[in-house]
>>> print(open('model.cif').read())   # mmCIF, C-alpha atoms
data_structure
loop_
_atom_site.label_atom_id
_atom_site.label_comp_id
_atom_site.auth_asym_id
_atom_site.auth_seq_id
_atom_site.Cartn_x
_atom_site.Cartn_y
_atom_site.Cartn_z
CA MET A 1 0.00 0.00 0.00
CA THR A 2 1.23 3.47 -0.82
CA THR A 3 0.10 6.95 0.13
CA ILE A 4 0.48 10.06 -1.98
CA ILE A 5 1.80 13.05 -0.03
CA THR A 6 1.67 16.57 -1.43
CA THR A 7 4.03 19.12 0.05
CA GLU A 8 5.59 22.48 -0.76
CA VAL A 9 9.37 22.73 -0.59
CA ASP A 10 11.57 25.74 -1.24
CA GLU A 11 13.01 25.46 -4.76
CA GLU A 12 16.61 25.90 -3.56
CA ILE A 13 16.22 22.97 -1.19
CA SER A 14 14.55 20.69 -3.69
CA THR A 15 16.89 21.39 -6.58
CA LYS A 16 20.34 22.33 -5.27
CA ILE A 17 20.74 20.68 -1.89
CA LEU A 18 18.80 17.48 -2.48
CA GLN A 19 20.08 16.85 -6.00
CA GLU A 20 23.69 17.38 -4.88
CA SER A 21 23.18 14.72 -2.23
CA GLY A 22 21.67 12.33 -4.79
CA LEU A 23 18.31 12.31 -3.00
CA THR A 24 14.88 13.52 -4.07
CA VAL A 25 12.25 15.05 -1.82
CA SER A 26 10.39 11.73 -2.05
CA ASP A 27 13.54 9.87 -0.93
CA VAL A 28 13.94 12.13 2.11
CA ILE A 29 10.29 11.73 3.10
CA ARG A 30 10.49 7.94 2.65
CA ILE A 31 13.74 7.68 4.67
CA THR A 32 12.34 9.91 7.42
CA LEU A 33 9.06 8.01 7.73
CA SER A 34 10.86 4.64 7.63
CA ARG A 35 13.16 5.72 10.43
CA ILE A 36 10.24 6.88 12.55
CA VAL A 37 8.60 3.47 12.12
CA GLN A 38 11.84 1.53 12.79
CA GLU A 39 12.76 3.51 15.91
CA GLY A 40 9.22 3.95 17.16
CA ASP A 41 9.79 7.65 17.68
CA TYR A 42 10.14 10.91 15.80
CA ILE A 43 13.47 11.54 14.15
CA LEU A 44 13.77 14.72 16.24
CA THR A 45 14.55 12.57 19.28
CA PRO A 46 18.23 11.70 18.85
CA ASN A 47 19.28 8.07 19.12
CA ASP A 48 22.43 7.17 21.08
CA THR A 49 24.73 7.67 18.08
CA THR A 50 23.25 11.06 17.27
CA ALA A 51 23.37 12.17 20.92
CA GLU A 52 27.06 11.21 21.08
CA THR A 53 27.73 13.08 17.84
CA ILE A 54 26.03 16.17 19.27
CA ARG A 55 28.18 15.93 22.42
CA LYS A 56 31.34 15.65 20.29
CA ALA A 57 30.33 18.61 18.14
CA GLU A 58 29.65 20.75 21.19
CA ALA A 59 33.11 19.79 22.49
CA GLY A 60 34.72 20.62 19.13
CA VAL A 61 35.67 16.99 18.36
CA ASP A 62 35.42 15.57 14.82
CA ILE A 63 34.33 18.86 13.27
CA TYR A 64 34.43 19.08 9.47
CA SER A 65 34.12 22.08 7.20
CA ALA A 66 33.51 21.91 3.48
CA LYS A 67 32.53 24.28 0.70
CA ASP A 68 29.93 21.85 -0.68
CA ILE A 69 28.50 18.33 -0.32
CA LYS A 70 31.06 16.88 -2.72
CA GLU A 71 34.00 18.12 -0.64
CA PHE A 72 32.28 16.94 2.56
CA ARG A 73 31.81 13.43 1.14
CA GLU A 74 35.46 13.35 0.08
CA GLN A 75 36.63 14.32 3.58
CA LEU A 76 34.56 11.54 5.09
CA GLY A 77 35.36 9.00 2.38
CA ILE A 78 31.71 8.66 1.36
CA LYS A 79 31.04 7.69 -2.25
CA PRO A 80 27.91 9.12 -3.92
CA GLN A 81 26.60 5.58 -4.49
CA ALA A 82 26.40 5.13 -0.69
CA PHE A 83 23.36 7.43 -0.65
CA GLN A 84 21.61 5.31 -3.26
CA ASN A 85 22.14 2.24 -1.06
CA LEU A 86 20.23 4.01 1.72
CA ILE A 87 17.15 4.46 -0.44
CA GLY A 88 17.24 1.04 -2.06
CA SER A 89 17.82 2.14 -5.65
#
>>> encode(input="model.cif", output="structure tokens")
Amino acid sequence: MTTIITTEVDEEISTKILQESGLTVSDVIRITLSRIVQEGDYILTPNDTTAETIRKAEAGVDIYSAKDIKEFREQLGIKPQAFQNLIGS
């Protein structure tokens, strides 16, 4: 069963940011809703990994800076195909 969701998204977000990450608005919605179901909670409640990452960031540990998503992926050693694996394409 599928549900059609209609939403309005700022054009800059939907074209520049999402396309550069290899995701569509539909992908982000699907990933977000799947995570809510899997974790039994809203994504806004950080899991243990996210909470630890927040603590590290606040302490200035493992901080990265990049001019764009491509440079950020390179710093972290993430290949663009890794995003496609997340969405099952």
>>> closest_residue(input="model.cif", among="A:Gln75, A:Glu58, A:Thr3, A:Ile69", to="A:Arg30", atoms="all atoms listed in the file")
A:Thr3
>>> atom_distance(input="model.cif", atom1="atom CA of A:Lys79", atom2="atom CA of A:Ile54")
23.7 Å
>>> residues_near_point(input="model.cif", point="(14.8, 13.5, 0.3)", cutoff="12 Å", atoms="all atoms listed in the file", output="JSON, numbers by chain")
{"A": [9, 13, 14, 15, 16, 17, 18, 19, 20, 21, 22, 23, 24, 25, 26, 27, 28, 29, 30, 31, 32, 33, 83, 84, 86, 87]}
>>> residues_around(input="model.cif", residues="A:Asp62", least_positions_apart="6", cutoff="12 Å", atoms="all atoms listed in the file", output="ChimeraX atom specification")
/A:52-56,75-76
>>> axis_aligned_box(input="model.cif", around="stretch 24-28 of chain A", padding_each_side="4 Å", output="JSON")
{"center_x": 12.6, "center_y": 12.5, "center_z": -1.0, "size_x": 12.5, "size_y": 13.2, "size_z": 14.2}
>>> atom_distance(input="model.cif", atom1="atom CA of A:Ile36", atom2="atom CA of A:Tyr64")
27.3 Å
>>> atom_distance(input="model.cif", atom1="atom CA of A:Ala57", atom2="atom CA of A:Phe72")
15.8 Å
